[in-house]
Amino acid sequence: MLDQPLQSLVLWGLEPDLDLIDPQRARQGCERAECVVACSSYDAPVLRDLADILLPIAAFAETSGTFVNANATWQSFAGAVMPPGEARPGWKVLRVLGNLLDLSGFEYQDSAEVREELAALCATATPDNRPRAAHWEPGAWIAEGPALIRVAHVPIYRLDPLVRRARALSQMPGAEWVARLHPEQAAQLGLAEGDWVRIKQGEAEGKAPVLIDAQIPLGVIALPAAVCGSESLGAMIGPVVVARLNRQAES
């Protein structure tokens with residue numbers, strides 16, 4: 001979907017620059033599409049920039065629904081409060097879009113009907129969390145020349161648009177935009193803690209302060225994803241070129 005130009009894209013409850021593995025590819029994919037419809041509980045600059053249409057949908061506590069946990073237990077719930085303003089439960093938005101397009105299978109009257117149909121389809125499914133295939137081959141990301149391998153994680157309180165907007169959670173440690181390097185790696189690059197570096201990842205480019213961390217393997221630069229600063233870079237795992245910024249550039 002990101003690599004092939006599509007006539008239309010529907011973004012469902014996500015922010016392309018923070019919720020996908022490669023922010024730059026996500027942006028380019030949206031820009032190539034003729035029409036982008038963003039259904040979201042939150043307004044965001046990136047959605048206003050990339051979407052042609054914004055449709056407000058209810059947050060999880062404002063609609064009924066069902067979670068299925070890792071033990072395959074179905075847990076249904078009701079909405080705790082009414083959605084604000086023009087927001088509507090997401091399944092209703094999809095139902096109306098299906099009706100407007102004269103599609104079959106969009107006649108649901110409540111979310112329980114959606115759940116029961118899905119439960120019937122999943123009745124014979126057997127939960128299995130075992131890996132189906134090897135998605136990474138040793139040596140696939142060996143850096144060449146001056147490059148390092150970027151390895152990213154998503155901090156726990158940056159997982160979705162809801163927690164990213166919680167002021168108290170944003171003050172918890174672990175979501176800082178920093179470039180973590182092993183002490184020996186930093187020394188090889190002539191870097192000290194607090195220095196700023198420029199990171200180039202293909203055509204994408206960003207900058208971050210350095211944090212020395214002996215737990216980071218040699219040859220690796222750890223840069224978080226889904227935090228302010230990460231949206232300018234590319235894939236969460238891949239080679240990057242790192243160079244020290246001078247003091248004037250840092251400011």
# chains A, B, ... in the order shown; residues from 1 in each chain; ligands from 1
$ closest_atom_pairs --of "segment 20-68 of chain A" --to "segment 199-218 of chain A" --cutoff "12 Å" --atoms "only C-alpha atoms" --output "tab-separated table"
residue	atom	partner	partner_atom	distance
A:Asp22	CA	A:Ala204	CA	10.2
A:Pro23	CA	A:Ala204	CA	9.4
A:Gln24	CA	A:Ala204	CA	7.0
A:Arg25	CA	A:Ala204	CA	9.8
A:Arg27	CA	A:Ala204	CA	11.5
A:Gln28	CA	A:Ala204	CA	11.5
$ residues_around --residues "Trp91 of chain A" --least-positions-apart "3" --cutoff "10 Å" --atoms "only C-alpha atoms" --output "list in words"
Ile57, Ala58, Thr63, Ser64, Gly65, Arg88, Leu94, Arg95, Val96, Leu97, Phe106, Tyr108, Gln109, Asp110, Ser111 and Val114 of chain A
$ write_last_selection --atoms "N, CA, C and O atoms" --output "short mmCIF file (atom, residue, chain, number, x, y, z; two decimals), in the first residue's frame"
data_model
loop_
_atom_site.label_atom_id
_atom_site.label_comp_id
_atom_site.auth_asym_id
_atom_site.auth_seq_id
_atom_site.Cartn_x
_atom_site.Cartn_y
_atom_site.Cartn_z
N ILE A 57 -14.02 10.01 14.84
CA ILE A 57 -14.58 8.78 15.38
C ILE A 57 -14.38 8.75 16.89
O ILE A 57 -13.48 9.40 17.43
N ALA A 58 -15.24 8.01 17.57
CA ALA A 58 -15.21 7.95 19.03
C ALA A 58 -13.96 7.25 19.52
O ALA A 58 -13.46 6.31 18.89
N THR A 63 -17.46 4.30 22.98
CA THR A 63 -18.20 3.39 22.12
C THR A 63 -18.19 2.00 22.72
O THR A 63 -17.33 1.67 23.53
N SER A 64 -19.15 1.19 22.34
CA SER A 64 -19.13 -0.22 22.74
C SER A 64 -18.18 -0.97 21.82
O SER A 64 -17.84 -0.51 20.73
N GLY A 65 -17.74 -2.15 22.27
CA GLY A 65 -16.84 -2.93 21.44
C GLY A 65 -16.37 -4.17 22.15
O GLY A 65 -16.91 -4.54 23.21
N ARG A 88 -18.57 9.96 15.89
CA ARG A 88 -19.46 8.80 15.90
C ARG A 88 -18.63 7.54 16.12
O ARG A 88 -17.46 7.50 15.73
N LEU A 94 -18.04 3.41 9.28
CA LEU A 94 -17.81 2.44 8.22
C LEU A 94 -19.13 1.96 7.61
O LEU A 94 -19.23 1.76 6.39
N ARG A 95 -20.16 1.78 8.45
CA ARG A 95 -21.46 1.34 7.93
C ARG A 95 -22.03 2.37 6.95
O ARG A 95 -22.51 2.03 5.87
N VAL A 96 -21.96 3.65 7.33
CA VAL A 96 -22.50 4.70 6.47
C VAL A 96 -21.71 4.78 5.16
O VAL A 96 -22.29 4.93 4.08
N LEU A 97 -20.37 4.68 5.25
CA LEU A 97 -19.57 4.70 4.03
C LEU A 97 -19.95 3.53 3.13
O LEU A 97 -20.05 3.69 1.89
N PHE A 106 -23.25 -4.20 5.02
CA PHE A 106 -23.12 -3.02 5.88
C PHE A 106 -24.48 -2.62 6.47
O PHE A 106 -24.83 -1.45 6.53
N TYR A 108 -25.53 -3.47 9.66
CA TYR A 108 -25.52 -3.67 11.11
C TYR A 108 -26.29 -2.55 11.83
O TYR A 108 -26.19 -1.38 11.46
N GLN A 109 -27.01 -2.96 12.88
CA GLN A 109 -27.76 -2.00 13.69
C GLN A 109 -27.03 -1.64 14.98
O GLN A 109 -27.27 -0.58 15.55
N ASP A 110 -26.17 -2.53 15.46
CA ASP A 110 -25.38 -2.22 16.67
C ASP A 110 -24.10 -3.04 16.62
O ASP A 110 -23.94 -3.96 15.80
N SER A 111 -23.17 -2.70 17.53
CA SER A 111 -21.86 -3.35 17.52
C SER A 111 -21.96 -4.83 17.91
O SER A 111 -21.08 -5.63 17.57
N VAL A 114 -21.99 -6.93 14.87
CA VAL A 114 -20.64 -7.06 14.31
C VAL A 114 -19.87 -8.14 15.07
O VAL A 114 -19.23 -9.02 14.49
#
$ closest_residue --among "A:Pro131, A:Ala112, A:Ala226, A:Val46" --to "Ala78 of chain A" --atoms "only C-alpha atoms"
A:Ala112
$ closest_residue --among "A:Trp177, A:Phe67, A:Tyr42, A:Phe60" --to "Trp196 of chain A" --atoms "only C-alpha atoms"
A:Trp177
$ closest_atom_pairs --of "segment 41-145 of chain A" --to "segment 155-161 of chain A" --cutoff "10 Å" --atoms "only C-alpha atoms" --output "tab-separated table"
residue	atom	partner	partner_atom	distance
A:Ser41	CA	A:Pro161	CA	8.3
A:Tyr42	CA	A:Pro161	CA	7.3
A:Asp43	CA	A:Pro161	CA	9.8
A:Ala44	CA	A:Pro161	CA	9.5
A:Ala59	CA	A:Pro161	CA	9.9
$ write_last_selection --atoms "C-alpha atoms" --output "PDB file, in the first residue's frame"
ATOM      1  CA  SER A  41     -10.398  10.617  17.486  1.00  0.00           C
ATOM      2  CA  TYR A  42      -7.776  13.356  17.487  1.00  0.00           C
ATOM      3  CA  ASP A  43      -6.874  16.299  15.327  1.00  0.00           C
ATOM      4  CA  ALA A  44      -3.214  16.287  14.338  1.00  0.00           C
ATOM      5  CA  ALA A  59     -12.371   6.995  21.334  1.00  0.00           C
TER       6      ALA A  59
END
$ select_by_dssp --residues "segment 117-227 of chain A" --states "strand (DSSP E or B)" --output "mmCIF file with C-alpha atoms, in the first residue's frame"
data_model
loop_
_atom_site.group_PDB
_atom_site.id
_atom_site.type_symbol
_atom_site.label_atom_id
_atom_site.label_comp_id
_atom_site.auth_asym_id
_atom_site.auth_seq_id
_atom_site.Cartn_x
_atom_site.Cartn_y
_atom_site.Cartn_z
ATOM 1 C CA ALA A 147 27.140 3.458 8.713
ATOM 2 C CA LEU A 148 25.623 2.152 11.937
ATOM 3 C CA ILE A 149 22.505 0.036 12.304
ATOM 4 C CA ARG A 150 19.549 1.915 13.694
ATOM 5 C CA VAL A 151 17.468 -0.141 16.129
ATOM 6 C CA ALA A 179 20.645 8.705 20.220
ATOM 7 C CA ARG A 180 22.024 5.985 22.481
ATOM 8 C CA LEU A 181 25.550 4.769 21.727
ATOM 9 C CA TRP A 196 24.279 16.455 18.882
ATOM 10 C CA VAL A 197 24.485 14.247 15.820
ATOM 11 C CA ARG A 198 22.968 14.389 12.368
ATOM 12 C CA ILE A 199 21.398 11.088 11.285
ATOM 13 C CA LYS A 200 20.947 10.325 7.594
ATOM 14 C CA GLN A 201 18.752 7.407 6.573
ATOM 15 C CA ALA A 204 15.523 11.117 5.363
ATOM 16 C CA GLU A 205 17.477 13.172 7.872
ATOM 17 C CA GLY A 206 17.175 14.174 11.522
ATOM 18 C CA LYS A 207 19.244 15.201 14.525
ATOM 19 C CA ALA A 208 19.371 14.088 18.149
ATOM 20 C CA PRO A 209 21.448 14.513 21.313
ATOM 21 C CA VAL A 210 23.806 11.686 22.307
ATOM 22 C CA LEU A 211 23.313 9.537 25.395
ATOM 23 C CA ILE A 212 26.090 7.109 26.354
ATOM 24 C CA VAL A 220 24.229 0.020 16.746
ATOM 25 C CA ILE A 221 22.593 3.381 17.346
ATOM 26 C CA ALA A 222 19.375 3.146 19.357
#
$ residues_around --residues "Trp74 of chain A" --least-positions-apart "5" --cutoff "12 Å" --atoms "only C-alpha atoms" --output "ChimeraX atom specification"
/A:65-69,115-116,118-119,122-123
$ write_last_selection --atoms "all heavy atoms" --output "compact mmCIF listing (two decimals), in the first residue's frame"
# COMPACT_ATOMS: atom_id res chain seq x y z
N GLY A 65 -17.74 -2.15 22.27
CA GLY A 65 -16.84 -2.93 21.44
C GLY A 65 -16.37 -4.17 22.15
O GLY A 65 -16.91 -4.54 23.21
N THR A 66 -15.38 -4.82 21.60
CA THR A 66 -14.86 -6.07 22.15
C THR A 66 -13.36 -6.13 21.94
O THR A 66 -12.87 -5.83 20.85
CB THR A 66 -15.51 -7.29 21.47
OG1 THR A 66 -16.92 -7.26 21.68
CG2 THR A 66 -14.95 -8.60 22.03
N PHE A 67 -12.65 -6.48 23.00
CA PHE A 67 -11.22 -6.79 22.90
C PHE A 67 -11.05 -8.30 22.95
O PHE A 67 -11.82 -9.00 23.64
CB PHE A 67 -10.43 -6.17 24.07
CG PHE A 67 -10.34 -4.68 24.04
CD1 PHE A 67 -10.79 -3.93 25.12
CD2 PHE A 67 -9.81 -4.01 22.95
CE1 PHE A 67 -10.71 -2.53 25.12
CE2 PHE A 67 -9.73 -2.63 22.93
CZ PHE A 67 -10.18 -1.90 24.01
N VAL A 68 -10.08 -8.82 22.23
CA VAL A 68 -9.70 -10.23 22.34
C VAL A 68 -8.26 -10.26 22.82
O VAL A 68 -7.36 -9.77 22.14
CB VAL A 68 -9.83 -10.96 20.99
CG1 VAL A 68 -9.46 -12.44 21.15
CG2 VAL A 68 -11.25 -10.83 20.44
N ASN A 69 -8.04 -10.82 24.02
CA ASN A 69 -6.70 -10.77 24.59
C ASN A 69 -5.82 -11.89 24.06
O ASN A 69 -6.24 -12.71 23.22
CB ASN A 69 -6.76 -10.77 26.12
CG ASN A 69 -7.29 -12.08 26.70
OD1 ASN A 69 -7.30 -13.11 26.04
ND2 ASN A 69 -7.71 -12.04 27.95
N ARG A 115 -19.95 -8.08 16.42
CA ARG A 115 -19.24 -9.05 17.25
C ARG A 115 -19.71 -10.47 16.98
O ARG A 115 -18.90 -11.39 16.84
CB ARG A 115 -19.43 -8.69 18.72
CG ARG A 115 -18.73 -9.65 19.69
CD ARG A 115 -19.26 -9.47 21.10
NE ARG A 115 -20.68 -9.80 21.16
CZ ARG A 115 -21.55 -9.21 21.98
NH1 ARG A 115 -21.15 -8.25 22.80
NH2 ARG A 115 -22.82 -9.57 21.98
N GLU A 116 -21.03 -10.67 16.92
CA GLU A 116 -21.56 -12.02 16.74
C GLU A 116 -21.17 -12.60 15.38
O GLU A 116 -20.85 -13.78 15.27
CB GLU A 116 -23.09 -12.01 16.90
CG GLU A 116 -23.55 -11.64 18.31
CD GLU A 116 -22.89 -12.48 19.38
OE1 GLU A 116 -22.78 -13.71 19.19
OE2 GLU A 116 -22.46 -11.92 20.40
N LEU A 118 -18.49 -11.82 13.65
CA LEU A 118 -17.06 -12.10 13.71
C LEU A 118 -16.78 -13.34 14.55
O LEU A 118 -15.95 -14.17 14.20
CB LEU A 118 -16.31 -10.89 14.27
CG LEU A 118 -14.78 -11.00 14.31
CD1 LEU A 118 -14.22 -11.22 12.91
CD2 LEU A 118 -14.18 -9.75 14.92
N ALA A 119 -17.51 -13.48 15.67
CA ALA A 119 -17.31 -14.64 16.53
C ALA A 119 -17.64 -15.93 15.79
O ALA A 119 -16.95 -16.95 15.94
CB ALA A 119 -18.18 -14.51 17.79
N CYS A 122 -14.85 -16.84 13.54
CA CYS A 122 -13.64 -17.26 14.26
C CYS A 122 -13.86 -18.51 15.11
O CYS A 122 -12.97 -18.91 15.87
CB CYS A 122 -13.15 -16.12 15.17
SG CYS A 122 -12.63 -14.65 14.29
N ALA A 123 -15.05 -19.13 15.00
CA ALA A 123 -15.40 -20.23 15.91
C ALA A 123 -14.42 -21.39 15.83
O ALA A 123 -14.14 -22.05 16.84
CB ALA A 123 -16.82 -20.71 15.60
$ atom_distance --atom1 "atom CA of Val93 of chain A" --atom2 "atom CA of Gly105 of chain A"
13.9 Å
$ select_by_dssp --residues "segment 45-129 of chain A" --states "alpha helix (DSSP H)" --output "list in words"
Pro45, Val46, Leu47, Arg48, Asp49, Leu50, Gly90, Trp91, Lys92, Val93, Leu94, Arg95, Val96, Leu97, Gly98, Asn99, Leu100, Ser111, Ala112, Glu113, Val114, Arg115, Glu116, Glu117, Leu118, Ala119, Ala120 and Leu121 of chain A
$ residues_around --residues "Gln4 of chain A" --least-positions-apart "5" --cutoff "10 Å" --atoms "only C-alpha atoms" --output "VMD selection string"
chain A and resid 29 32 to 33
$ atom_distance --atom1 "atom CA of Leu11 of chain A" --atom2 "atom CA of Ala38 of chain A"
4.6 Å
$ residues_around --residues "Leu50 of chain A" --least-positions-apart "2" --cutoff "7 Å" --atoms "only C-alpha atoms" --output "list in words"
Cys30, Glu31, Val46, Leu47, Arg48 and Asp52 of chain A
$ write_last_selection --atoms "N, CA and C atoms" --output "PDB file, in the first residue's frame"
ATOM      1  N   CYS A  30       1.003   8.476   1.302  1.00  0.00           N
ATOM      2  CA  CYS A  30      -0.178   9.335   1.406  1.00  0.00           C
ATOM      3  C   CYS A  30      -0.160  10.433   0.349  1.00  0.00           C
ATOM      4  N   GLU A  31       1.000  10.992   0.090  1.00  0.00           N
ATOM      5  CA  GLU A  31       1.096  12.077  -0.889  1.00  0.00           C
ATOM      6  C   GLU A  31       0.816  11.587  -2.305  1.00  0.00           C
ATOM      7  N   VAL A  46      -0.254  16.389  11.163  1.00  0.00           N
ATOM      8  CA  VAL A  46       0.088  15.501  10.041  1.00  0.00           C
ATOM      9  C   VAL A  46      -1.165  15.074   9.284  1.00  0.00           C
ATOM     10  N   LEU A  47      -2.286  14.902   9.983  1.00  0.00           N
ATOM     11  CA  LEU A  47      -3.526  14.533   9.301  1.00  0.00           C
ATOM     12  C   LEU A  47      -4.063  15.697   8.486  1.00  0.00           C
ATOM     13  N   ARG A  48      -3.980  16.894   9.023  1.00  0.00           N
ATOM     14  CA  ARG A  48      -4.417  18.061   8.254  1.00  0.00           C
ATOM     15  C   ARG A  48      -3.538  18.271   7.015  1.00  0.00           C
ATOM     16  N   ASP A  52      -7.292  14.518   2.783  1.00  0.00           N
ATOM     17  CA  ASP A  52      -8.263  15.361   2.079  1.00  0.00           C
ATOM     18  C   ASP A  52      -9.549  15.491   2.882  1.00  0.00           C
TER      19      ASP A  52
END
$ atom_distance --atom1 "atom CA of Arg244 of chain A" --atom2 "atom CA of Gly229 of chain A"
16.8 Å
$ residues_around --residues "Trp12 of chain A" --least-positions-apart "2" --cutoff "9 Å" --atoms "only C-alpha atoms" --output "number ranges by chain"
A: 10, 14-15, 37-40, 90
$ write_last_selection --atoms "C-alpha atoms" --output "PDB file, in the first residue's frame"
ATOM      1  CA  VAL A  10      -8.267   5.314   4.506  1.00  0.00           C
ATOM      2  CA  LEU A  14      -3.409   6.338  13.261  1.00  0.00           C
ATOM      3  CA  GLU A  15      -0.930   9.119  12.639  1.00  0.00           C
ATOM      4  CA  VAL A  37      -9.575   9.897   4.273  1.00  0.00           C
ATOM      5  CA  ALA A  38      -8.438  10.012   7.912  1.00  0.00           C
ATOM      6  CA  CYS A  39     -10.793   8.637  10.574  1.00  0.00           C
ATOM      7  CA  SER A  40      -9.438   9.672  13.942  1.00  0.00           C
ATOM      8  CA  GLY A  90     -16.094   3.946  14.176  1.00  0.00           C
TER       9      GLY A  90
END
$ closest_residue --among "A:Gly194, A:Leu223, A:Leu101, A:Gln7" --to "Pro239 of chain A" --atoms "only C-alpha atoms"
A:Leu223
